[in-house]
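> Let me give you the structure first, and then I'll get to my questions.
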Amino acid sequence: MAQRRKTSGAVRTDSELARVLLAEHADEAAELMEMADDAESAALLEAVAADVAVDAASRLTPDRAARIVAALSPRTARHLVASLSPNRAAALLARLDESERERVLASLEPSLAAELRVLASYPPETAGALMDSRATSFRPEAAVRDVLRRLRRFRDRRILDVFLVDPEGVLVGSVALTDAVLAPPDEILAHLVQGPPVSVQALAPRDEVVETFESRGVGSLAVVDFDGRLVGVLRQSELMRAAQEAATGDAVTMVGASREERALSSPLFAVRKRLPWLQVNLLTAFLAAAVVGIFEDTIATVTALAVLLPVVAGQSGNTGAQALAVTMRGLALREVRTRQWLRVVTKEVLAGAGNGLAVAATTSAAVYAWSRSPGLALVIGASMVISMTLAGLSGAAIPMLLTALKQDPAQSSSIILTTVTDVAGFLSFLGIATLLLSTL
């Protein structure tokens with residue numbers, strides 16, 4: 001019993017010391033907890049009143065606070081997360097592993113848990129959705145020696161830059177890891193900062209993130225919320241992988257397939273994803289057939305026109321596909337903006353007309369040698385120039401128009417383009433043939 005009372009008294013003494021340290025010397029305690037082991041810091045918070053623990057946790061960097069929360073008992077973790085502001089709590093939870101995050105969320109009130117899940121999620125193709133929420137941050141007054149000792153614990157992270165935050169978690173600077181490694185051990189991080197930090201807002205679109213990476217030449221990019229608080233980091237390797245996935249996704253959506261489909265997906269999944277756009281394509285094919293049907297009498301009079309129809313449609317289709325691919329690439333790499341639509345369209349129209357003249361000369365010569373009909377050679381030559389010019393116009397205009405309307409320019413643009421080029425080719429070829437029927 002005497003030993004038990006002694007032990008109990010020791011516990012009470014430790015708890016009192018912890019309370020005094022956290023309540024009266026909160027900033028110094030936060031500095032100690034930044035560099036201490038997770039278990040030691042968690043034990044310190046467990047030993048004090050809930051309100052004191054919340055105040056202490058709010059002074060920690062978000063990354064450090066998240067690791068300590070993961071080591072807390074469920075009761076203390078629940079109270080701490082529920083007492084923080086929703087934005088700060090969401091930023092903290094986002095840094096936890098999925099299993100740890102769900103464990104904490106499951107202990108909260110359902111309404112609060114639902115709110116935090118929404119705050120911790122970001123729309124697809126935004127900086128928040130692409131980032132690694134485990135951004136490593138320190139106080140500006142931290143010494144290089146302590147920073148490097150702590151960084152050795154994060155062997156699973158490819159850290160290129162060290163971020164500095166104030167007590168509210170607001171990003172105030174960044175230091176390249178190489179600068180920290182080469183600095184004297186007693187140097188503080190604030191003295192190594194060179195210029196304002198480079199960051200993007202969490203809801204910034206992927207294109208803006210790519211542009212910032214390219215223009216600022218940084219190895220990693222801080223992601224902040226609307227209040228400037230650090231919520232994550234974007235590394236160049238992850239961004240390039242996301243860009244590659246987006247590019248391959250664009251390649252399949254241009255022809256009506258799904259981004260989610262893979263080469264080994266089930267046949268049923270492929271049918272379910274492709275069939276709607278194939279039905280749309282069927283509808284557009286009937287539209288092109290209806291154009292041909294208008295000139296049924298002309299085709300019946302000169303049957304050679306039916307033989308030459310695929311030639312015109314094929315050339316105009318290829319011309320449009322070339323213009324579409326170049327314009328899509330320019331939009332994806334942000335080489336062009338929608339405000340430059342006139343310049344882009346003019347370039348493709350002139351390219352289509354130039355190629356049309358060259359192809360028309362070759363085609364007319366071949367058709368004359370085959371049919372010995374100057375009229376037929378003139379008809380296919382003129383229609384070739386017209387259809388290829390319109391194809392260049394369509395190939396550039398369709399993705400620019402979809403982008404201006406805030407739509408995905410890759411979404412089945414190939415199907416739309418095929419319809420336009422087929423209709424333009426058939427209409428120009430058969431229309432001119434009807435007008436010059438007497439010469440055929």
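Each chain in the structure tokens gets a letter, A, B, ..., in the order shown, and its residues are numbered from 1; ligands are numbered from 1 in order too.
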Pick out the residues sitting within 7 Å of Thr389 in chain A, and hand them over as a VMD selection string; count only C-alpha atoms, and ignore anything fewer than 5 positions along from it in its own chain.
chain A and resid 349 352 to 353 356
> Export N, CA and C atoms of the chosen residues as a PDB file, in the first residue's frame?

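Generated output (out.pdb):
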ATOM      1  N   VAL A 349      -6.683  27.095 -90.112  1.00  0.00           N
ATOM      2  CA  VAL A 349      -7.416  27.312 -91.363  1.00  0.00           C
ATOM      3  C   VAL A 349      -6.440  27.487 -92.518  1.00  0.00           C
ATOM      4  N   GLY A 352      -4.803  24.174 -93.185  1.00  0.00           N
ATOM      5  CA  GLY A 352      -5.720  23.284 -93.904  1.00  0.00           C
ATOM      6  C   GLY A 352      -5.888  23.679 -95.351  1.00  0.00           C
ATOM      7  N   ALA A 353      -5.974  24.986 -95.626  1.00  0.00           N
ATOM      8  CA  ALA A 353      -6.123  25.450 -97.006  1.00  0.00           C
ATOM      9  C   ALA A 353      -4.869  25.159 -97.815  1.00  0.00           C
ATOM     10  N   GLY A 356      -4.715  21.563 -98.408  1.00  0.00           N
ATOM     11  CA  GLY A 356      -5.801  21.229 -99.330  1.00  0.00           C
ATOM     12  C   GLY A 356      -5.441  21.506-100.774  1.00  0.00           C
TER      13      GLY A 356
END
> As a PyMOL selection string, please: every residue in range 121-228 of chain A that a backbone DSSP assignment puts in strand (DSSP E).
chain A and resi 137-138+161-165+171-176+199-201+220-224
> Env of Pro374 in chain A: 10 Å cut, atoms = only C-alpha atoms, seq-sep filter 6 positions within chain, self excluded. Answer as a PyMOL selection string.
chain A and resi 364-365+367-368+439-440
> Please report the interatomic distance between CA of Gln315 in chain A and CA of Pro276 in chain A in Å with one decimal.
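Going from CA of Gln315 in chain A over to CA of Pro276 in chain A, I get 27.2 Å.
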> When distances are computed from only C-alpha atoms, which of A:Leu287, A:Asp186, A:Asp161, A:Gly330 shows the smallest separation from Asp207 in chain A?
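Of all the options, A:Gly330 lies closest to Asp207 in chain A.
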> Using only C-alpha atoms, can you tell me which of A:Leu437, A:Ala127, A:Val231, A:Val48 comes closest to Thr212 in chain A?
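Answer, going by the shortest atom-to-atom distance: A:Ala127.
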> Taking into account only C-alpha atoms, which residue in the set A:Asn355, A:Thr363, A:Thr319, A:Ser58 is nearest to Leu393 in chain A?
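Nearest to Leu393 in chain A: A:Thr319.
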> For CA of Glu31 in chain A and CA of Val218 in chain A, determine how far apart the two atoms are, in Å to one decimal place.
28.6 Å
> Write out as a ChimeraX atom specification which residues come within 6 Å of range 425-432 of chain A when counting only C-alpha atoms, dropping same-chain ones fewer than 6 positions away.
/A:312-313,383,387
> Just want the 8 Å neighbourhood of Thr338 in chain A, counted on only C-alpha atoms, with same-chain residues fewer than 4 positions away dropped. Output as a list in words.
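Returned residues: Met400, Leu401, Thr403 and Ala404 of chain A.
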> Could you jot down the CA of Leu309 in chain A to CA of Ala397 in chain A separation for me, Å, one decimal place?
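These two atoms are separated by 24.7 Å.
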> Which polymer residues have any atom within 9 Å of an atom of Pro197 in chain A, counting only C-alpha atoms, with same-chain residues fewer than 3 positions away left out, as a list in words?
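After dropping sequence-adjacent residues, the list is Phe163, Leu171, Val172, Gly173, Ser174, Val175, Val193, Gln194, Leu221 and Ala222 of chain A.
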> Keeping only N, CA and C atoms, write the selected residues to a file as a CSV table (one decimal), in the first residue's frame.

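Final output, again-v1.csv:
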chain,number,residue,atom,x,y,z
A,163,PHE,N,9.5,23.4,-44.9
A,163,PHE,CA,8.6,24.6,-44.8
A,163,PHE,C,8.5,25.1,-43.4
A,171,LEU,N,2.0,29.5,-43.7
A,171,LEU,CA,3.3,29.3,-44.3
A,171,LEU,C,4.0,30.7,-44.4
A,172,VAL,N,5.2,30.7,-43.8
A,172,VAL,CA,6.0,32.0,-43.8
A,172,VAL,C,7.3,31.9,-44.6
A,173,GLY,N,7.7,30.7,-45.0
A,173,GLY,CA,8.9,30.5,-45.7
A,173,GLY,C,9.2,29.1,-46.0
A,174,SER,N,10.3,28.9,-46.8
A,174,SER,CA,10.8,27.5,-47.2
A,174,SER,C,12.3,27.6,-47.3
A,175,VAL,N,12.9,26.4,-47.1
A,175,VAL,CA,14.3,26.3,-47.2
A,175,VAL,C,14.6,25.0,-47.9
A,193,VAL,N,16.2,31.3,-45.2
A,193,VAL,CA,15.1,31.6,-46.1
A,193,VAL,C,15.6,32.6,-47.1
A,194,GLN,N,15.3,32.3,-48.4
A,194,GLN,CA,15.6,33.2,-49.5
A,194,GLN,C,14.4,33.6,-50.3
A,221,LEU,N,6.3,22.1,-54.1
A,221,LEU,CA,5.5,23.2,-54.0
A,221,LEU,C,4.5,23.1,-52.8
A,222,ALA,N,4.5,24.1,-52.0
A,222,ALA,CA,3.6,24.1,-50.8
A,222,ALA,C,2.2,24.4,-51.3
> List the neighbours of Leu230 in chain A out to 6 Å using only C-alpha atoms; skip same-chain residues closer than 4 positions along the sequence, and give me the result as a ChimeraX atom specification.
/A:170-171,223-224
> With only C-alpha atoms as the basis for distance, which of A:Gly381, A:Pro167, A:Gly219, A:Gly392 is at the shortest distance from Ala30 in chain A?
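Looking at the shortest contact to Ala30 in chain A, the residue is A:Pro167.
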> I'd like to know which of A:Pro310, A:Pro62, A:Pro399, A:Gly293 is closest to Glu168 in chain A, using only C-alpha atoms.
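Closest to Glu168 in chain A of all the choices is A:Pro62.
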